[in-house]
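With PDB, C-alpha atoms inside, this is start_29.pdb:
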```pdb
MODEL        1
ATOM      1  CA  MET L   1       8.251 -12.146 -16.767
ATOM      2  CA  ASN L   2       6.946 -10.401 -19.833
ATOM      3  CA  GLY L   3       3.231 -10.741 -19.571
ATOM      4  CA  THR L   4       2.020 -13.047 -22.324
ATOM      5  CA  GLU L   5       4.146 -11.418 -25.008
ATOM      6  CA  SER L   6       6.834 -13.547 -26.595
ATOM      7  CA  ILE L   7      10.413 -12.283 -26.407
ATOM      8  CA  GLU L   8      12.260 -11.516 -29.616
ATOM      9  CA  TRP L   9      16.066 -11.442 -29.461
ATOM     10  CA  ILE L  10      18.659  -9.769 -31.657
ATOM     11  CA  ALA L  11      22.162 -11.174 -32.074
ATOM     12  CA  LEU L  12      24.884  -8.676 -31.203
ATOM     13  CA  ALA L  13      27.976 -10.865 -31.543
ATOM     14  CA  LYS L  14      29.200 -14.389 -32.140
ATOM     15  CA  GLU L  15      32.293 -15.389 -30.191
ATOM     16  CA  ASN L  16      33.803 -18.782 -29.367
ATOM     17  CA  GLY L  17      30.682 -20.783 -30.228
ATOM     18  CA  LYS L  18      28.389 -18.430 -28.329
ATOM     19  CA  ILE L  19      25.965 -15.702 -29.410
ATOM     20  CA  LEU L  20      25.363 -12.556 -27.393
ATOM     21  CA  ALA L  21      21.657 -11.761 -27.670
ATOM     22  CA  LEU L  22      19.749  -8.679 -26.513
ATOM     23  CA  SER L  23      15.987  -8.456 -26.234
ATOM     24  CA  LYS L  24      14.652  -6.470 -29.158
ATOM     25  CA  GLU L  25      12.290  -4.561 -26.882
ATOM     26  CA  CYS L  26      12.311  -3.299 -23.325
ATOM     27  CA  LEU L  27      10.477  -5.978 -21.349
ATOM     28  CA  TYR L  28       9.873  -4.583 -17.871
ATOM     29  CA  ALA L  29      10.364  -1.471 -15.735
ATOM     30  CA  MET L  30      11.851  -1.465 -12.257
ATOM     31  CA  PRO L  31      14.466   0.266 -10.121
ATOM     32  CA  PHE L  32      18.084  -0.810 -10.501
ATOM     33  CA  HIS L  33      18.246  -1.030  -6.719
ATOM     34  CA  ILE L  34      16.165   0.184  -3.791
ATOM     35  CA  LEU L  35      18.581   1.910  -1.445
ATOM     36  CA  ALA L  36      18.468   1.344   2.275
ATOM     37  CA  GLU L  37      20.086   3.760   4.727
ATOM     38  CA  ASP L  38      22.835   1.290   5.547
ATOM     39  CA  ASP L  39      23.462   0.178   1.950
ATOM     40  CA  ALA L  40      27.016  -0.111   0.767
ATOM     41  CA  PRO L  41      27.864   1.632  -2.503
ATOM     42  CA  ILE L  42      25.702   0.560  -5.424
ATOM     43  CA  SER L  43      27.033  -2.351  -7.461
ATOM     44  CA  TRP L  44      25.744  -4.612 -10.212
ATOM     45  CA  GLU L  45      26.665  -7.591  -8.067
ATOM     46  CA  LYS L  46      24.350  -6.612  -5.213
ATOM     47  CA  SER L  47      21.622  -4.898  -7.243
ATOM     48  CA  ASP L  48      17.958  -5.822  -7.053
ATOM     49  CA  LEU L  49      17.840  -5.806 -10.865
ATOM     50  CA  ARG L  50      20.582  -8.460 -11.174
ATOM     51  CA  SER L  51      18.853 -10.628  -8.568
ATOM     52  CA  TRP L  52      15.492 -10.310 -10.332
ATOM     53  CA  LEU L  53      16.915 -11.044 -13.802
ATOM     54  CA  ASN L  54      18.677 -14.212 -12.628
ATOM     55  CA  THR L  55      15.797 -15.598 -10.565
ATOM     56  CA  GLU L  56      12.230 -14.443 -11.267
ATOM     57  CA  PHE L  57      12.768 -13.318 -14.859
ATOM     58  CA  TYR L  58      14.976 -16.301 -15.764
ATOM     59  CA  ASP L  59      12.461 -18.807 -14.389
ATOM     60  CA  ALA L  60       9.421 -17.108 -15.937
ATOM     61  CA  ALA L  61      10.891 -16.275 -19.355
ATOM     62  CA  PHE L  62      12.668 -19.528 -20.173
ATOM     63  CA  ASN L  63      11.531 -23.129 -20.092
ATOM     64  CA  ASP L  64      13.917 -26.012 -19.321
ATOM     65  CA  LYS L  65      14.735 -26.503 -23.006
ATOM     66  CA  ASP L  66      15.621 -22.804 -23.419
ATOM     67  CA  LYS L  67      17.771 -22.844 -20.287
ATOM     68  CA  LYS L  68      19.985 -25.584 -21.784
ATOM     69  CA  TYR L  69      21.193 -23.076 -24.403
ATOM     70  CA  ILE L  70      21.729 -20.144 -22.040
ATOM     71  CA  THR L  71      25.278 -20.142 -20.753
ATOM     72  CA  SER L  72      26.085 -18.977 -17.281
ATOM     73  CA  THR L  73      28.752 -16.417 -18.142
ATOM     74  CA  THR L  74      31.330 -14.507 -16.171
ATOM     75  CA  ILE L  75      30.867 -10.888 -17.139
ATOM     76  CA  SER L  76      33.274  -8.081 -16.411
ATOM     77  CA  ASN L  77      32.076  -5.174 -14.330
ATOM     78  CA  LYS L  78      35.421  -3.404 -14.436
ATOM     79  CA  ASN L  79      35.884   0.301 -14.791
ATOM     80  CA  SER L  80      34.260   1.477 -17.979
ATOM     81  CA  SER L  81      36.475   3.318 -20.411
ATOM     82  CA  ALA L  82      33.603   5.714 -21.083
ATOM     83  CA  ALA L  83      32.329   8.479 -18.880
ATOM     84  CA  GLY L  84      34.076   7.556 -15.670
ATOM     85  CA  GLY L  85      32.085   4.385 -15.088
ATOM     86  CA  TYR L  86      33.359   1.934 -12.530
ATOM     87  CA  GLY L  87      32.603  -1.556 -11.369
ATOM     88  CA  GLU L  88      33.511  -4.182  -8.846
ATOM     89  CA  GLY L  89      35.146  -6.998 -10.809
ATOM     90  CA  SER L  90      33.207  -9.880 -12.297
ATOM     91  CA  THR L  91      29.925 -11.671 -11.728
ATOM     92  CA  THR L  92      28.550 -14.908 -13.134
ATOM     93  CA  ASP L  93      25.116 -14.419 -14.645
ATOM     94  CA  ASN L  94      22.610 -16.188 -16.870
ATOM     95  CA  VAL L  95      20.859 -12.898 -17.680
ATOM     96  CA  PHE L  96      22.379  -9.434 -17.413
ATOM     97  CA  CYS L  97      22.268  -5.840 -18.607
ATOM     98  CA  LEU L  98      24.879  -4.573 -21.034
ATOM     99  CA  SER L  99      27.670  -2.292 -19.816
ATOM    100  CA  ILE L 100      28.598   1.108 -21.251
ATOM    101  CA  ASP L 101      31.546  -0.477 -23.066
ATOM    102  CA  GLU L 102      29.403  -3.286 -24.525
ATOM    103  CA  VAL L 103      26.862  -0.803 -25.831
ATOM    104  CA  LYS L 104      29.647   1.188 -27.478
ATOM    105  CA  GLN L 105      31.150  -2.018 -28.913
ATOM    106  CA  TYR L 106      27.996  -3.697 -30.224
ATOM    107  CA  LEU L 107      25.468  -0.919 -30.916
ATOM    108  CA  SER L 108      25.924   2.184 -33.035
ATOM    109  CA  SER L 109      22.389   3.367 -32.359
ATOM    110  CA  ASP L 110      19.465   1.528 -30.944
ATOM    111  CA  GLU L 111      16.111   3.071 -30.284
ATOM    112  CA  ALA L 112      14.313   0.743 -27.919
ATOM    113  CA  VAL L 113      10.561   0.288 -27.818
ATOM    114  CA  ALA L 114       8.855  -0.889 -24.647
ATOM    115  CA  THR L 115       6.420  -3.777 -24.769
ATOM    116  CA  THR L 116       2.864  -3.120 -23.660
ATOM    117  CA  TYR L 117       3.668  -5.043 -20.484
ATOM    118  CA  ALA L 118       6.721  -2.846 -19.762
ATOM    119  CA  GLU L 119       4.571   0.249 -20.207
ATOM    120  CA  MET L 120       1.981  -1.200 -17.807
ATOM    121  CA  MET L 121       4.811  -1.752 -15.311
ATOM    122  CA  GLY L 122       5.772   1.923 -15.549
ATOM    123  CA  ALA L 123       8.337   2.224 -18.350
ATOM    124  CA  SER L 124       8.397   5.781 -19.591
ATOM    125  CA  VAL L 125       7.861   6.276 -23.291
ATOM    126  CA  TYR L 126       9.112   9.379 -25.038
ATOM    127  CA  TYR L 127       8.323   9.755 -28.731
ATOM    128  CA  GLY L 128       7.655   6.018 -28.870
ATOM    129  CA  HIS L 129      10.922   4.898 -27.232
ATOM    130  CA  SER L 130      12.112   4.049 -23.720
ATOM    131  CA  SER L 131      15.336   4.417 -21.796
ATOM    132  CA  TRP L 132      16.832   1.176 -20.440
ATOM    133  CA  TRP L 133      19.288   0.211 -17.719
ATOM    134  CA  LEU L 134      22.931  -0.652 -18.246
ATOM    135  CA  ARG L 135      24.943  -2.340 -15.487
ATOM    136  CA  SER L 136      27.685   0.317 -15.322
ATOM    137  CA  ILE L 137      27.869   2.535 -12.255
ATOM    138  CA  VAL L 138      29.027   6.145 -12.686
ATOM    139  CA  GLU L 139      29.865   8.785 -10.115
ATOM    140  CA  LEU L 140      29.054  12.452 -10.447
ATOM    141  CA  GLU L 141      29.551  15.042  -7.734
ATOM    142  CA  GLN L 142      30.212  12.326  -5.137
ATOM    143  CA  ARG L 143      26.953  10.510  -5.853
ATOM    144  CA  GLU L 144      26.522   7.164  -7.593
ATOM    145  CA  PHE L 145      24.274   6.804 -10.595
ATOM    146  CA  ILE L 146      23.463   3.988 -13.001
ATOM    147  CA  ALA L 147      24.155   4.313 -16.701
ATOM    148  CA  ALA L 148      21.091   4.030 -18.925
ATOM    149  CA  MET L 149      20.468   4.230 -22.644
ATOM    150  CA  ASN L 150      18.206   7.108 -23.599
ATOM    151  CA  GLY L 151      15.108   6.323 -25.581
ATOM    152  CA  ASP L 152      16.499   8.074 -28.655
ATOM    153  CA  GLY L 153      19.038   5.275 -29.081
ATOM    154  CA  SER L 154      22.117   7.431 -28.687
ATOM    155  CA  VAL L 155      25.069   5.609 -27.226
ATOM    156  CA  GLY L 156      27.125   8.416 -25.770
ATOM    157  CA  THR L 157      29.119  11.534 -26.347
ATOM    158  CA  GLU L 158      32.767  12.484 -26.267
ATOM    159  CA  THR L 159      32.927  14.326 -22.952
ATOM    160  CA  PRO L 160      32.206  12.677 -19.614
ATOM    161  CA  TYR L 161      30.056  15.553 -18.355
ATOM    162  CA  GLU L 162      27.779  15.388 -21.402
ATOM    163  CA  PHE L 163      27.581  11.620 -20.990
ATOM    164  CA  PHE L 164      26.651  11.973 -17.319
ATOM    165  CA  SER L 165      24.016  14.599 -17.901
ATOM    166  CA  GLN L 166      22.266  12.606 -20.625
ATOM    167  CA  TYR L 167      22.713   8.956 -19.708
ATOM    168  CA  ILE L 168      22.610   8.397 -15.960
ATOM    169  CA  ARG L 169      19.764   7.810 -13.557
ATOM    170  CA  PRO L 170      19.450   7.382  -9.792
ATOM    171  CA  ALA L 171      19.262   3.676  -8.903
ATOM    172  CA  GLU L 172      15.866   3.886  -7.232
ATOM    173  CA  ILE L 173      13.785   5.383 -10.033
ATOM    174  CA  THR L 174      11.074   3.121 -11.404
ATOM    175  CA  PHE L 175      10.452   4.315 -14.972
ATOM    176  CA  VAL L 176      13.643   3.013 -16.615
ATOM    177  CA  ALA L 177      13.032  -0.165 -18.592
ATOM    178  CA  VAL L 178      14.862  -3.481 -18.526
ATOM    179  CA  ARG L 179      16.358  -4.935 -21.697
ATOM    180  CA  PRO L 180      17.986  -8.272 -20.834
ATOM    181  CA  ALA L 181      21.013  -9.797 -22.529
ATOM    182  CA  ILE L 182      22.053 -13.466 -22.598
ATOM    183  CA  TRP L 183      24.839 -15.585 -24.040
ATOM    184  CA  LEU L 184      23.603 -18.629 -25.990
ATOM    185  CA  ASP L 185      25.650 -21.754 -26.645
ATOM    186  CA  THR L 186      25.578 -22.665 -30.349
ATOM    187  CA  ASN L 187      27.327 -26.027 -29.964
TER     188      ASN L 187
ENDMDL
END
```

As structure tokens, please, write out the structure in this file.
Amino acid sequence: MNGTESIEWIALAKENGKILALSKECLYAMPFHILAEDDAPISWEKSDLRSWLNTEFYDAAFNDKDKKYITSTTISNKNSSAAGGYGEGSTTDNVFCLSIDEVKQYLSSDEAVATTYAEMMGASVYYGHSSWWLRSIVELEQREFIAAMNGDGSVGTETPYEFFSQYIRPAEITFVAVRPAIWLDTN
């Protein structure tokens, strides 16, 4: 689901015969989750973004040949060691967003550019770059927020409060972009 633009991937890691790949650009813009009055606490597992990535996006972005190389992977959504993030265990996904810890592990800085299609879908662009969702949930002043990378490519700061003030967004906002990650089987 990226208009007619092709998707370019960057390799972040190679582990156990698999490559972790991240889209080079932000591909879409959408809320992490649309909250209903009776919604349980926000989680990656139950988010609209996770559902969309693993159904509509997966089916539109990859043909059957591509799908043979994408490994359905159990990803950890445990408490993040950075900025008080928390999670709900593990999920099994074909396509996912990185966590705070994965960003800190694999990226030292990464200014992300939105595709034309992502901009048309509402991705905000600030000085040529866009912020993009992570899957980590953080809590500040008894309210849940979703971690997001700022468009300037900065990964985080030392103090949790600074991290919260610069890198979190309410789940329902629509201008944060989506930058999918996948694990590819190299065997």

task = Name the residues, using the chain letters and numbers of the file, that sit within 8 Å of (19.5, 3.3, -5.1) when counting only C-alpha atoms, and give them as a list in words.
result =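 Collected hits near the coordinates: Pro31, Phe32, His33, Ile34, Leu35, Ala36, Ile42, Pro170, Ala171, Glu172 and Ile173 of chain L.
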
Writer output for current selection, C-alpha atoms, as a PDB file, keeping the file's coordinate frame:
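Contents of result-v2.pdb, as written:
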```
ATOM      1  CA  PRO L  31      14.466   0.266 -10.121  1.00  0.00           C
ATOM      2  CA  PHE L  32      18.084  -0.810 -10.501  1.00  0.00           C
ATOM      3  CA  HIS L  33      18.246  -1.030  -6.719  1.00  0.00           C
ATOM      4  CA  ILE L  34      16.165   0.184  -3.791  1.00  0.00           C
ATOM      5  CA  LEU L  35      18.581   1.910  -1.445  1.00  0.00           C
ATOM      6  CA  ALA L  36      18.468   1.344   2.275  1.00  0.00           C
ATOM      7  CA  ILE L  42      25.702   0.560  -5.424  1.00  0.00           C
ATOM      8  CA  PRO L 170      19.450   7.382  -9.792  1.00  0.00           C
ATOM      9  CA  ALA L 171      19.262   3.676  -8.903  1.00  0.00           C
ATOM     10  CA  GLU L 172      15.866   3.886  -7.232  1.00  0.00           C
ATOM     11  CA  ILE L 173      13.785   5.383 -10.033  1.00  0.00           C
TER      12      ILE L 173
END
```

task = Starting from the displayed file, determine the output of the PyMOL selection byres ((chain L and resi 10) around 12) and express the residue list as number ranges by chain.
result = L: 7-9, 11-14, 19-25, 106-107, 110, 112, 179-184

request  = Please write as a list in words the list of polymer residues whose atoms come within 10 Å of (25.6, -0.7, -14.8), counting only C-alpha atoms and keeping to the coordinates of the file.
outcome  = Phe32, Ile42, Ser43, Trp44, Glu45, Ser47, Arg50, Asn77, Ser80, Gly85, Tyr86, Gly87, Phe96, Cys97, Leu98, Ser99, Ile100, Trp133, Leu134, Arg135, Ser136, Ile137, Val138, Phe145, Ile146, Ala147, Ala148, Ile168 and Ala171 of chain L

key: Between atom CA of Asn94 of chain L and atom CA of Ala123 of chain L - distance in Å to one decimal   =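 It comes out at 23.3 Å.
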
message = One number please: atom CA of Tyr126 of chain L to atom CA of Ala114 of chain L, in Å, one decimal.
response =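 Between these atoms lies a distance of 10.3 Å.
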
query = Please, what distance in Å, to one decimal, runs between atom CA of Ser90 of chain L and atom CA of Thr74 of chain L?
reply =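 Atom CA of Thr74 of chain L lies 6.3 Å from atom CA of Ser90 of chain L.
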
message = Under the rule that all atoms listed in the file are counted, which of L:Thr91, L:Ser130, L:Asn187, L:Asn54 is the nearest residue to Thr115 of chain L?
response =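 Once distances to Thr115 of chain L are computed over all atoms listed in the file, the minimum belongs to L:Ser130.
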
inquiry  = When the PyMOL selection byres ((chain L and resi 127) around 12) is applied to the structure above, which residues does it catch, written out as a count of residues only?
reply    = 15

Residues in the PyMOL selection byres ((chain L and resi 117) around 12), expressed as JSON, numbers by chain = {"L": [1, 2, 3, 4, 5, 6, 7, 25, 26, 27, 28, 29, 113, 114, 115, 116, 118, 119, 120, 121, 122, 123, 124, 177, 178]}

Please save C-alpha atoms of the selected residues as a PDB file, in the frame of the given file.
```pdb
ATOM      1  CA  MET L   1       8.251 -12.146 -16.767  1.00  0.00           C
ATOM      2  CA  ASN L   2       6.946 -10.401 -19.833  1.00  0.00           C
ATOM      3  CA  GLY L   3       3.231 -10.741 -19.571  1.00  0.00           C
ATOM      4  CA  THR L   4       2.020 -13.047 -22.324  1.00  0.00           C
ATOM      5  CA  GLU L   5       4.146 -11.418 -25.008  1.00  0.00           C
ATOM      6  CA  SER L   6       6.834 -13.547 -26.595  1.00  0.00           C
ATOM      7  CA  ILE L   7      10.413 -12.283 -26.407  1.00  0.00           C
ATOM      8  CA  GLU L  25      12.290  -4.561 -26.882  1.00  0.00           C
ATOM      9  CA  CYS L  26      12.311  -3.299 -23.325  1.00  0.00           C
ATOM     10  CA  LEU L  27      10.477  -5.978 -21.349  1.00  0.00           C
ATOM     11  CA  TYR L  28       9.873  -4.583 -17.871  1.00  0.00           C
ATOM     12  CA  ALA L  29      10.364  -1.471 -15.735  1.00  0.00           C
ATOM     13  CA  VAL L 113      10.561   0.288 -27.818  1.00  0.00           C
ATOM     14  CA  ALA L 114       8.855  -0.889 -24.647  1.00  0.00           C
ATOM     15  CA  THR L 115       6.420  -3.777 -24.769  1.00  0.00           C
ATOM     16  CA  THR L 116       2.864  -3.120 -23.660  1.00  0.00           C
ATOM     17  CA  ALA L 118       6.721  -2.846 -19.762  1.00  0.00           C
ATOM     18  CA  GLU L 119       4.571   0.249 -20.207  1.00  0.00           C
ATOM     19  CA  MET L 120       1.981  -1.200 -17.807  1.00  0.00           C
ATOM     20  CA  MET L 121       4.811  -1.752 -15.311  1.00  0.00           C
ATOM     21  CA  GLY L 122       5.772   1.923 -15.549  1.00  0.00           C
ATOM     22  CA  ALA L 123       8.337   2.224 -18.350  1.00  0.00           C
ATOM     23  CA  SER L 124       8.397   5.781 -19.591  1.00  0.00           C
ATOM     24  CA  ALA L 177      13.032  -0.165 -18.592  1.00  0.00           C
ATOM     25  CA  VAL L 178      14.862  -3.481 -18.526  1.00  0.00           C
TER      26      VAL L 178
END
```

Give, as lines of an AutoDock Vina configuration file, the centre coordinates and the x, y and z edge lengths in Å to one decimal for an axis-aligned box around all listed atoms of segment 67-75 of chain L, padded by 5 Å on each side.
```
center_x = 24.6
center_y = -18.2
center_z = -20.3
size_x = 23.6
size_y = 24.7
size_z = 18.2
```
